[in-house]
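**Q** Just so it is clear, I am handing over final07.cif, which has mmCIF, N, CA and C atoms.
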```
data_data
loop_
_atom_site.label_atom_id
_atom_site.label_comp_id
_atom_site.auth_asym_id
_atom_site.auth_seq_id
_atom_site.Cartn_x
_atom_site.Cartn_y
_atom_site.Cartn_z
N MET A 457 97.71 90.93 73.38
CA MET A 457 97.97 92.29 73.78
C MET A 457 97.13 93.25 72.92
N THR A 458 96.72 94.33 73.52
CA THR A 458 95.99 95.35 72.79
C THR A 458 96.97 96.31 72.14
N GLU A 459 96.50 97.06 71.15
CA GLU A 459 97.40 98.01 70.51
C GLU A 459 97.71 99.17 71.46
N HIS A 460 98.84 99.86 71.21
CA HIS A 460 99.23 100.97 72.06
C HIS A 460 98.41 102.20 71.75
N ARG A 461 97.96 102.88 72.79
CA ARG A 461 97.26 104.16 72.66
C ARG A 461 97.89 105.10 73.65
N ASP A 462 97.73 106.42 73.41
CA ASP A 462 98.38 107.41 74.25
C ASP A 462 97.88 107.42 75.69
N ASP A 463 96.68 106.91 75.94
CA ASP A 463 96.14 106.97 77.29
C ASP A 463 96.31 105.65 78.04
N MET A 464 97.12 104.72 77.50
CA MET A 464 97.35 103.45 78.16
C MET A 464 98.80 103.04 78.03
N ALA A 465 99.28 102.28 78.98
CA ALA A 465 100.62 101.71 78.85
C ALA A 465 100.60 100.78 77.65
N ARG A 466 101.72 100.41 77.19
CA ARG A 466 101.85 99.66 75.94
C ARG A 466 101.04 98.36 75.94
N GLY A 467 99.72 98.47 75.99
CA GLY A 467 98.84 97.33 75.86
C GLY A 467 98.86 96.34 77.01
N VAL A 468 99.31 96.73 78.17
CA VAL A 468 99.40 95.82 79.30
C VAL A 468 98.00 95.64 79.89
N PRO A 469 97.49 94.40 79.90
CA PRO A 469 96.17 94.17 80.49
C PRO A 469 96.15 94.52 81.97
N LEU A 470 95.05 95.10 82.39
CA LEU A 470 94.84 95.42 83.81
C LEU A 470 93.44 94.96 84.19
N THR A 471 93.37 94.16 85.23
CA THR A 471 92.09 93.78 85.82
C THR A 471 91.97 94.56 87.12
N VAL A 472 90.85 95.25 87.28
CA VAL A 472 90.60 96.00 88.51
C VAL A 472 89.53 95.24 89.29
N ARG A 473 89.89 94.83 90.51
CA ARG A 473 88.98 94.10 91.40
C ARG A 473 88.72 94.98 92.62
N LEU A 474 87.46 95.26 92.86
CA LEU A 474 87.07 96.06 94.02
C LEU A 474 86.14 95.23 94.88
N ARG A 475 86.35 95.30 96.19
CA ARG A 475 85.42 94.67 97.13
C ARG A 475 84.79 95.78 97.95
N LEU A 476 83.49 95.89 97.86
CA LEU A 476 82.76 96.91 98.59
C LEU A 476 82.24 96.35 99.90
N VAL A 477 82.54 97.07 100.99
CA VAL A 477 82.07 96.68 102.31
C VAL A 477 81.45 97.88 102.99
N SER A 478 80.57 97.61 103.91
CA SER A 478 79.95 98.66 104.72
C SER A 478 80.98 99.24 105.67
N THR A 479 81.07 100.56 105.73
CA THR A 479 81.99 101.18 106.69
C THR A 479 81.50 100.98 108.12
N ASN A 480 80.22 100.70 108.31
CA ASN A 480 79.68 100.49 109.65
C ASN A 480 79.88 99.06 110.15
N SER A 481 79.56 98.08 109.28
CA SER A 481 79.57 96.69 109.74
C SER A 481 80.71 95.85 109.15
N GLY A 482 81.33 96.32 108.06
CA GLY A 482 82.35 95.53 107.39
C GLY A 482 81.78 94.45 106.49
N ARG A 483 80.46 94.36 106.42
CA ARG A 483 79.81 93.35 105.57
C ARG A 483 79.83 93.79 104.10
N PRO A 484 79.77 92.81 103.19
CA PRO A 484 79.74 93.14 101.75
C PRO A 484 78.55 94.02 101.40
N ARG A 485 78.77 94.95 100.47
CA ARG A 485 77.70 95.83 99.98
C ARG A 485 77.14 95.28 98.67
N ALA A 486 76.56 94.10 98.72
CA ALA A 486 75.98 93.46 97.54
C ALA A 486 74.86 94.32 96.97
N GLY A 487 74.71 94.27 95.65
CA GLY A 487 73.62 94.99 94.99
C GLY A 487 73.97 96.39 94.55
N CYS A 488 75.02 96.97 95.09
CA CYS A 488 75.46 98.27 94.60
C CYS A 488 75.99 98.10 93.17
N ALA A 489 76.13 99.19 92.47
CA ALA A 489 76.72 99.16 91.14
C ALA A 489 77.99 100.00 91.16
N VAL A 490 78.98 99.61 90.38
CA VAL A 490 80.24 100.34 90.27
C VAL A 490 80.47 100.73 88.82
N SER A 491 80.79 101.98 88.60
CA SER A 491 81.25 102.46 87.30
C SER A 491 82.74 102.65 87.39
N LEU A 492 83.46 102.30 86.33
CA LEU A 492 84.92 102.43 86.30
C LEU A 492 85.30 103.00 84.94
N TRP A 493 86.26 103.97 84.94
CA TRP A 493 86.67 104.56 83.67
C TRP A 493 88.07 105.13 83.76
N HIS A 494 88.66 105.32 82.58
CA HIS A 494 89.94 106.00 82.39
C HIS A 494 89.64 107.32 81.70
N CYS A 495 90.47 108.31 81.93
CA CYS A 495 90.36 109.55 81.17
C CYS A 495 91.32 109.45 80.00
N GLY A 496 91.14 110.31 79.03
CA GLY A 496 92.00 110.33 77.85
C GLY A 496 91.17 110.22 76.60
N ASP A 497 91.83 110.26 75.47
CA ASP A 497 91.14 110.24 74.19
C ASP A 497 90.31 108.98 73.98
N HIS A 498 90.76 107.85 74.55
CA HIS A 498 90.08 106.59 74.31
C HIS A 498 89.47 106.01 75.57
N GLY A 499 89.24 106.84 76.55
CA GLY A 499 88.70 106.35 77.81
C GLY A 499 87.33 105.71 77.61
N ALA A 500 87.10 104.63 78.27
CA ALA A 500 85.82 103.94 78.20
C ALA A 500 85.31 103.72 79.61
N ARG A 501 84.02 103.62 79.72
CA ARG A 501 83.40 103.44 81.04
C ARG A 501 82.64 102.12 81.06
N GLY A 502 82.78 101.41 82.16
CA GLY A 502 82.02 100.19 82.36
C GLY A 502 81.22 100.31 83.64
N ARG A 503 80.14 99.52 83.74
CA ARG A 503 79.33 99.53 84.96
C ARG A 503 78.87 98.11 85.24
N GLN A 504 79.05 97.69 86.48
CA GLN A 504 78.67 96.34 86.88
C GLN A 504 78.03 96.36 88.26
N THR A 505 77.24 95.33 88.52
CA THR A 505 76.62 95.17 89.84
C THR A 505 77.54 94.32 90.72
N VAL A 506 77.66 94.72 91.96
CA VAL A 506 78.49 94.02 92.94
C VAL A 506 77.85 92.67 93.26
N ASP A 507 78.67 91.61 93.34
CA ASP A 507 78.14 90.28 93.62
C ASP A 507 77.82 90.13 95.12
N PRO A 508 77.20 89.01 95.53
CA PRO A 508 76.81 88.82 96.93
C PRO A 508 77.98 88.89 97.92
N SER A 509 79.19 88.63 97.47
CA SER A 509 80.36 88.72 98.35
C SER A 509 80.97 90.11 98.38
N GLY A 510 80.39 91.04 97.63
CA GLY A 510 80.88 92.42 97.62
C GLY A 510 81.89 92.72 96.52
N TRP A 511 82.15 91.76 95.63
CA TRP A 511 83.18 91.93 94.60
C TRP A 511 82.62 92.38 93.26
N VAL A 512 83.45 93.12 92.54
CA VAL A 512 83.20 93.49 91.16
C VAL A 512 84.56 93.49 90.47
N SER A 513 84.60 93.11 89.19
CA SER A 513 85.87 93.01 88.47
C SER A 513 85.72 93.56 87.06
N PHE A 514 86.69 94.37 86.64
CA PHE A 514 86.68 94.98 85.31
C PHE A 514 87.97 94.64 84.58
N GLY A 515 87.87 94.27 83.33
CA GLY A 515 89.03 94.08 82.48
C GLY A 515 89.30 95.37 81.72
N SER A 516 90.56 95.78 81.66
CA SER A 516 90.92 97.02 81.01
C SER A 516 92.37 96.93 80.55
N ALA A 517 93.00 98.07 80.43
CA ALA A 517 94.43 98.14 80.12
C ALA A 517 95.05 99.15 81.08
N PHE A 518 96.31 98.97 81.39
CA PHE A 518 97.00 99.84 82.34
C PHE A 518 97.05 101.26 81.78
N PRO A 519 96.58 102.26 82.56
CA PRO A 519 96.55 103.63 82.06
C PRO A 519 97.92 104.28 82.09
N ALA A 520 98.12 105.21 81.18
CA ALA A 520 99.38 105.95 81.11
C ALA A 520 99.30 107.21 81.96
N ALA A 521 100.47 107.79 82.20
CA ALA A 521 100.52 109.12 82.82
C ALA A 521 100.21 110.14 81.73
N HIS A 522 99.44 111.15 82.05
CA HIS A 522 99.15 112.18 81.06
C HIS A 522 98.90 113.52 81.74
N ALA A 523 99.26 114.58 81.06
CA ALA A 523 98.98 115.95 81.50
C ALA A 523 99.29 116.17 82.99
N GLY A 524 100.45 115.69 83.43
CA GLY A 524 100.84 115.89 84.82
C GLY A 524 100.12 115.02 85.82
N ARG A 525 99.36 114.06 85.34
CA ARG A 525 98.60 113.18 86.23
C ARG A 525 99.31 111.84 86.37
N TRP A 526 99.35 111.36 87.59
CA TRP A 526 99.89 110.03 87.88
C TRP A 526 98.93 108.99 87.29
N PRO A 527 99.39 107.83 86.82
CA PRO A 527 98.49 106.80 86.28
C PRO A 527 97.41 106.42 87.30
N HIS A 528 96.18 106.46 86.86
CA HIS A 528 95.05 106.24 87.76
C HIS A 528 93.83 105.75 86.99
N VAL A 529 92.87 105.25 87.74
CA VAL A 529 91.58 104.80 87.22
C VAL A 529 90.51 105.41 88.13
N HIS A 530 89.45 105.91 87.54
CA HIS A 530 88.33 106.49 88.30
C HIS A 530 87.27 105.42 88.54
N PHE A 531 86.58 105.55 89.69
CA PHE A 531 85.42 104.69 89.91
C PHE A 531 84.39 105.42 90.75
N ALA A 532 83.14 104.98 90.60
CA ALA A 532 82.04 105.53 91.38
C ALA A 532 81.16 104.37 91.82
N VAL A 533 80.63 104.48 93.03
CA VAL A 533 79.73 103.46 93.58
C VAL A 533 78.33 104.07 93.63
N HIS A 534 77.38 103.33 93.05
CA HIS A 534 75.99 103.77 92.99
C HIS A 534 75.12 102.87 93.86
N THR A 535 73.98 103.37 94.28
CA THR A 535 73.12 102.63 95.20
C THR A 535 72.68 101.28 94.63
N ASP A 536 72.42 101.21 93.32
CA ASP A 536 72.05 99.94 92.69
C ASP A 536 72.26 100.06 91.18
N ALA A 537 72.00 98.98 90.46
CA ALA A 537 72.27 98.93 89.02
C ALA A 537 71.39 99.88 88.22
N ASP A 538 70.22 100.21 88.74
CA ASP A 538 69.28 101.04 88.00
C ASP A 538 69.26 102.50 88.43
N SER A 539 70.18 102.88 89.29
CA SER A 539 70.14 104.23 89.85
C SER A 539 71.46 104.95 89.61
N ASP A 540 71.36 106.27 89.54
CA ASP A 540 72.56 107.08 89.50
C ASP A 540 72.87 107.65 90.88
N GLY A 541 72.15 107.18 91.91
CA GLY A 541 72.40 107.62 93.28
C GLY A 541 73.85 107.33 93.66
N LEU A 542 74.62 108.35 93.87
CA LEU A 542 76.05 108.21 94.13
C LEU A 542 76.33 108.03 95.62
N LEU A 543 77.02 106.93 95.96
CA LEU A 543 77.43 106.67 97.34
C LEU A 543 78.88 107.07 97.60
N HIS A 544 79.72 106.93 96.56
CA HIS A 544 81.15 107.16 96.74
C HIS A 544 81.79 107.33 95.37
N ALA A 545 82.76 108.22 95.26
CA ALA A 545 83.54 108.38 94.03
C ALA A 545 84.99 108.57 94.43
N ALA A 546 85.90 107.94 93.70
CA ALA A 546 87.32 108.04 94.02
C ALA A 546 88.15 107.62 92.82
N GLN A 547 89.45 107.58 93.03
CA GLN A 547 90.39 107.14 92.02
C GLN A 547 91.31 106.10 92.63
N LEU A 548 91.83 105.22 91.80
CA LEU A 548 92.87 104.30 92.21
C LEU A 548 94.18 104.83 91.63
N ALA A 549 95.09 105.22 92.49
CA ALA A 549 96.42 105.68 92.06
C ALA A 549 97.30 104.44 91.97
N LEU A 550 97.75 104.11 90.78
CA LEU A 550 98.52 102.88 90.61
C LEU A 550 99.93 103.07 91.16
N PRO A 551 100.41 102.11 91.95
CA PRO A 551 101.70 102.28 92.62
C PRO A 551 102.87 102.30 91.63
N GLY A 552 103.95 102.98 92.03
CA GLY A 552 105.12 103.15 91.18
C GLY A 552 105.72 101.84 90.71
N ASP A 553 105.75 100.82 91.57
CA ASP A 553 106.35 99.55 91.14
C ASP A 553 105.50 98.89 90.05
N ALA A 554 104.19 99.07 90.09
CA ALA A 554 103.33 98.54 89.03
C ALA A 554 103.54 99.32 87.73
N CYS A 555 103.72 100.64 87.83
CA CYS A 555 104.00 101.45 86.65
C CYS A 555 105.31 101.01 86.00
N ALA A 556 106.31 100.71 86.82
CA ALA A 556 107.61 100.27 86.29
C ALA A 556 107.44 98.95 85.52
N LYS A 557 106.55 98.07 85.98
CA LYS A 557 106.30 96.81 85.28
C LYS A 557 105.56 97.05 83.96
N ALA A 558 104.62 97.98 83.97
CA ALA A 558 103.74 98.18 82.83
C ALA A 558 104.35 99.02 81.71
N PHE A 559 105.20 99.97 82.05
CA PHE A 559 105.67 100.94 81.07
C PHE A 559 107.00 100.53 80.44
N CYS A 560 107.13 100.81 79.14
CA CYS A 560 108.42 100.68 78.47
C CYS A 560 109.27 101.88 78.89
N ALA A 561 110.52 101.92 78.47
CA ALA A 561 111.44 102.99 78.89
C ALA A 561 110.91 104.37 78.54
N ALA A 562 110.38 104.54 77.32
CA ALA A 562 109.86 105.85 76.91
C ALA A 562 108.69 106.28 77.78
N GLU A 563 107.82 105.35 78.13
CA GLU A 563 106.68 105.67 78.99
C GLU A 563 107.13 105.99 80.40
N ARG A 564 108.15 105.28 80.89
CA ARG A 564 108.66 105.56 82.24
C ARG A 564 109.24 106.97 82.31
N ARG A 565 109.79 107.47 81.21
CA ARG A 565 110.32 108.84 81.20
C ARG A 565 109.23 109.87 81.44
N ARG A 566 107.98 109.54 81.05
CA ARG A 566 106.86 110.46 81.33
C ARG A 566 106.70 110.68 82.83
N LEU A 567 107.09 109.68 83.61
CA LEU A 567 106.93 109.77 85.07
C LEU A 567 108.08 110.51 85.74
N ASP A 568 109.17 110.76 84.99
CA ASP A 568 110.31 111.49 85.58
C ASP A 568 109.84 112.81 86.17
N GLY A 569 110.16 113.04 87.40
CA GLY A 569 109.77 114.28 88.07
C GLY A 569 108.34 114.29 88.58
N MET A 570 107.59 113.23 88.31
CA MET A 570 106.21 113.14 88.80
C MET A 570 106.17 112.26 90.04
N SER A 571 105.16 112.46 90.83
CA SER A 571 104.90 111.57 91.96
C SER A 571 103.41 111.66 92.30
N ILE A 572 102.93 110.66 92.98
CA ILE A 572 101.53 110.70 93.42
C ILE A 572 101.33 111.91 94.33
N ALA A 573 102.30 112.16 95.19
CA ALA A 573 102.17 113.26 96.15
C ALA A 573 102.05 114.62 95.46
N ARG A 574 102.63 114.76 94.26
CA ARG A 574 102.57 116.04 93.54
C ARG A 574 101.37 116.15 92.61
N ASP A 575 100.62 115.08 92.45
CA ASP A 575 99.42 115.10 91.62
C ASP A 575 98.32 115.78 92.44
N GLY A 576 97.87 116.95 92.00
CA GLY A 576 96.91 117.75 92.75
C GLY A 576 95.61 117.04 93.09
N CYS A 577 95.26 116.01 92.35
CA CYS A 577 94.02 115.28 92.63
C CYS A 577 94.15 114.29 93.78
N PHE A 578 95.39 114.04 94.23
CA PHE A 578 95.60 113.08 95.31
C PHE A 578 96.12 113.73 96.58
N THR A 579 96.00 115.03 96.70
CA THR A 579 96.56 115.72 97.87
C THR A 579 95.79 115.44 99.16
N GLY A 580 94.58 114.94 99.06
CA GLY A 580 93.77 114.74 100.26
C GLY A 580 93.79 113.33 100.81
N GLY A 581 94.88 112.62 100.66
CA GLY A 581 94.95 111.29 101.24
C GLY A 581 95.17 110.20 100.22
N TRP A 582 96.13 110.36 99.36
CA TRP A 582 96.37 109.39 98.29
C TRP A 582 96.78 108.01 98.77
N VAL A 583 97.28 107.89 99.98
CA VAL A 583 97.70 106.59 100.49
C VAL A 583 96.51 105.61 100.49
N LEU A 584 95.32 106.11 100.76
CA LEU A 584 94.13 105.27 100.77
C LEU A 584 93.61 104.96 99.37
N GLU A 585 94.18 105.59 98.35
CA GLU A 585 93.73 105.39 96.98
C GLU A 585 94.57 104.35 96.23
N ILE A 586 95.57 103.76 96.87
CA ILE A 586 96.48 102.85 96.19
C ILE A 586 96.02 101.40 96.38
N PRO A 587 95.77 100.70 95.26
CA PRO A 587 95.43 99.28 95.36
C PRO A 587 96.69 98.43 95.47
N SER A 588 96.54 97.19 95.87
CA SER A 588 97.65 96.26 95.75
C SER A 588 97.63 95.77 94.30
N VAL A 589 98.81 95.61 93.71
CA VAL A 589 98.88 95.18 92.31
C VAL A 589 99.79 93.96 92.22
N THR A 590 99.28 92.91 91.57
CA THR A 590 100.05 91.69 91.37
C THR A 590 100.13 91.41 89.88
N GLY A 591 100.99 90.47 89.50
CA GLY A 591 101.10 90.05 88.12
C GLY A 591 102.31 90.65 87.43
N ASP A 592 102.31 90.53 86.10
CA ASP A 592 103.42 91.08 85.31
C ASP A 592 102.88 91.59 83.98
N ALA A 593 103.73 92.31 83.24
CA ALA A 593 103.30 92.95 82.00
C ALA A 593 102.90 91.94 80.93
N ALA A 594 103.55 90.80 80.90
CA ALA A 594 103.26 89.82 79.85
C ALA A 594 101.89 89.17 80.04
N ARG A 595 101.55 88.80 81.26
CA ARG A 595 100.27 88.13 81.52
C ARG A 595 99.18 89.08 81.99
N GLY A 596 99.57 90.26 82.40
CA GLY A 596 98.61 91.24 82.87
C GLY A 596 98.76 91.50 84.37
N LEU A 597 98.32 92.67 84.77
CA LEU A 597 98.38 93.09 86.16
C LEU A 597 96.97 93.09 86.74
N VAL A 598 96.88 92.85 88.04
CA VAL A 598 95.59 92.84 88.74
C VAL A 598 95.69 93.82 89.91
N ALA A 599 94.84 94.84 89.90
CA ALA A 599 94.77 95.83 90.97
C ALA A 599 93.58 95.48 91.85
N THR A 600 93.81 95.32 93.16
CA THR A 600 92.76 94.92 94.08
C THR A 600 92.69 95.90 95.24
N ARG A 601 91.48 96.27 95.60
CA ARG A 601 91.31 97.18 96.72
C ARG A 601 89.96 96.95 97.38
N THR A 602 89.91 97.04 98.70
CA THR A 602 88.66 97.02 99.45
C THR A 602 88.24 98.47 99.65
N VAL A 603 86.97 98.74 99.40
CA VAL A 603 86.44 100.09 99.49
C VAL A 603 85.32 100.11 100.50
N GLY A 604 85.46 100.94 101.53
CA GLY A 604 84.39 101.13 102.50
C GLY A 604 83.39 102.15 102.01
N VAL A 605 82.11 101.75 102.05
CA VAL A 605 81.03 102.64 101.58
C VAL A 605 79.95 102.69 102.64
#
```
Could you express the structure from this file as structure tokens?
**A**
Amino acid sequence: MTEHRDDMARGVPLTVRLRLVSTNSGRPRAGCAVSLWHCGDHGARGRQTVDPSGWVSFGSAFPAAHAGRWPHVHFAVHTDADSDGLLHAAQLALPGDACAKAFCAAERRRLDGMSIARDGCFTGGWVLEIPSVTGDAARGLVATRTVGV
């Protein structure tokens, strides 16, 4: 387990798996690059190239709720590994049941009165921003989402 920081749940590992597909054909978008990051005092950014099947995977830690924001992770899709050409940018809003698994009682209290629907950054269609999340706090959670680009 990682140490606790204010911008993450109590050290709960989170793997974020994204599959990029063409919105036109549904085929994998191999060769694109994905940047992924958390906001907060200790936020870090990673960047990887999508594999031939359209997948990219990042190891991180479950983000905490902060400053009225629902727990989320940012990502951006770039044309390729060597370019900053932006194809898509969005956030993954982590579902409430995953937050309940990741957060201790004190952290869950931060969510009291909050909801994804009330987070101003998700007012334009947050339902499409929610990944499926499997796993548990002890072994880690895995957030998976297919992204059309």
**Q** What are the closest atom pairs, with distances in Å to one decimal, for all residues of stretch 508-528 of chain A lying within 7 Å of stretch 487-496 of chain A? Consider only N, CA and C atoms, order rows by chain and residue number, and present the result as a tab-separated table.
**A**
```
residue	atom	partner	partner_atom	distance
A:Pro508	N	A:Gly487	N	5.8
A:Gly510	CA	A:Gly487	N	6.7
A:His528	C	A:His494	CA	6.0
```
**Q** Selected residues, N, CA and C atoms, written as an mmCIF file, in the frame of the given file, please.
**A**
```cif
data_model
loop_
_atom_site.group_PDB
_atom_site.id
_atom_site.type_symbol
_atom_site.label_atom_id
_atom_site.label_comp_id
_atom_site.auth_asym_id
_atom_site.auth_seq_id
_atom_site.Cartn_x
_atom_site.Cartn_y
_atom_site.Cartn_z
ATOM 1 N N PRO A 508 77.200 89.010 95.530
ATOM 2 C CA PRO A 508 76.810 88.820 96.930
ATOM 3 C C PRO A 508 77.980 88.890 97.920
ATOM 4 N N GLY A 510 80.390 91.040 97.630
ATOM 5 C CA GLY A 510 80.880 92.420 97.620
ATOM 6 C C GLY A 510 81.890 92.720 96.520
ATOM 7 N N HIS A 528 96.180 106.460 86.860
ATOM 8 C CA HIS A 528 95.050 106.240 87.760
ATOM 9 C C HIS A 528 93.830 105.750 86.990
#
```
**Q** Which one is closest to A:Glu563: A:Ala520, A:Val533, A:Val506, A:Leu474? Count all atoms listed in the file.
**A**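 Going through A:Ala520, A:Val533, A:Val506, A:Leu474 one by one, the smallest distance to A:Glu563 is for A:Ala520.
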**Q** Set the distance at 5 Å and use all atoms listed in the file: which residues neighbour A:Ala599 once local chain neighbours fewer than 5 positions away are removed? I'd like the list as a PyMOL selection string.
**A** chain A and resi 471-473+588-589
**Q** State, in Å with one decimal place, the distance from atom N of A:Gly541 to atom CA of A:Glu585.
**A**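 Going from atom N of A:Gly541 over to atom CA of A:Glu585 covers 22.2 Å.
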**Q** Applying the PyMOL selection byres ((chain A and resi 548) around 6.5) to the file I just gave you, which residues come out? Please list them as JSON, numbers by chain.
**A** {"A": [527, 528, 529, 530, 531, 546, 547, 549, 550, 585, 586, 587]}
**Q** Run DSSP on the backbone and grab whatever in stretch 464-585 of chain A lands in strand (DSSP E or B); send it over as a PyMOL selection string.
**A** chain A and resi 464-477+484+489-493+501-505+511-519+522+525+528-534+542-549
**Q** Could you check how far atom C of A:Arg595 sits from atom N of A:Arg565, in Å to one decimal?
**A** 21.2 Å
**Q** Centre and edge lengths, as lines of an AutoDock Vina configuration file, for the axis-aligned box enclosing every listed atom of stretch 524-535 of chain A with 4 Å of padding on each of the six sides, in Å to one decimal?
**A**
```
center_x = 86.8
center_y = 108.6
center_z = 89.3
size_x = 36.2
size_y = 22.6
size_z = 19.8
```
**Q** Rounded to one decimal in Å, what is the spacing between atom C of A:Pro551 and atom C of A:Ala594?
**A** 17.5 Å
**Q** Can you work out which one of A:Ala545, A:Phe559, A:Ser571, A:Cys577 has the shortest atom-to-atom distance to A:Ala593, counting all atoms listed in the file?
**A**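 Among A:Ala545, A:Phe559, A:Ser571, A:Cys577, it is A:Phe559 that comes nearest to A:Ala593.
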**Q** From the list A:Gly596, A:Leu543, A:Asp536, A:Gly524, which residue is nearest A:Ile572 when using only C-alpha atoms?
**A**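 Of A:Gly596, A:Leu543, A:Asp536, A:Gly524, the one nearest A:Ile572, counting only C-alpha atoms, is A:Gly524.
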**Q** Would you please work out which residue, of A:Ala537, A:Val598, A:Val583, A:Ala521, is nearest to A:Gly569 when using only C-alpha atoms?
**A**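 Ranked by minimum distance to A:Gly569, first place goes to A:Ala521.
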**Q** Selection in question (the file shown): the PyMOL selection byres (((chain A and resi 475-479 and name CA) around 9) and name CA). Which residues does it include, as a ChimeraX atom specification?
**A** /A:473-474,480-486,488,506,509-513,533,600-605
**Q** Considering only N, CA and C atoms, can you say which of A:Val468, A:Arg566, A:His534, A:Ser539 comes closest to A:Pro519?
**A**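 Closest to A:Pro519, using only N, CA and C atoms: A:Val468.
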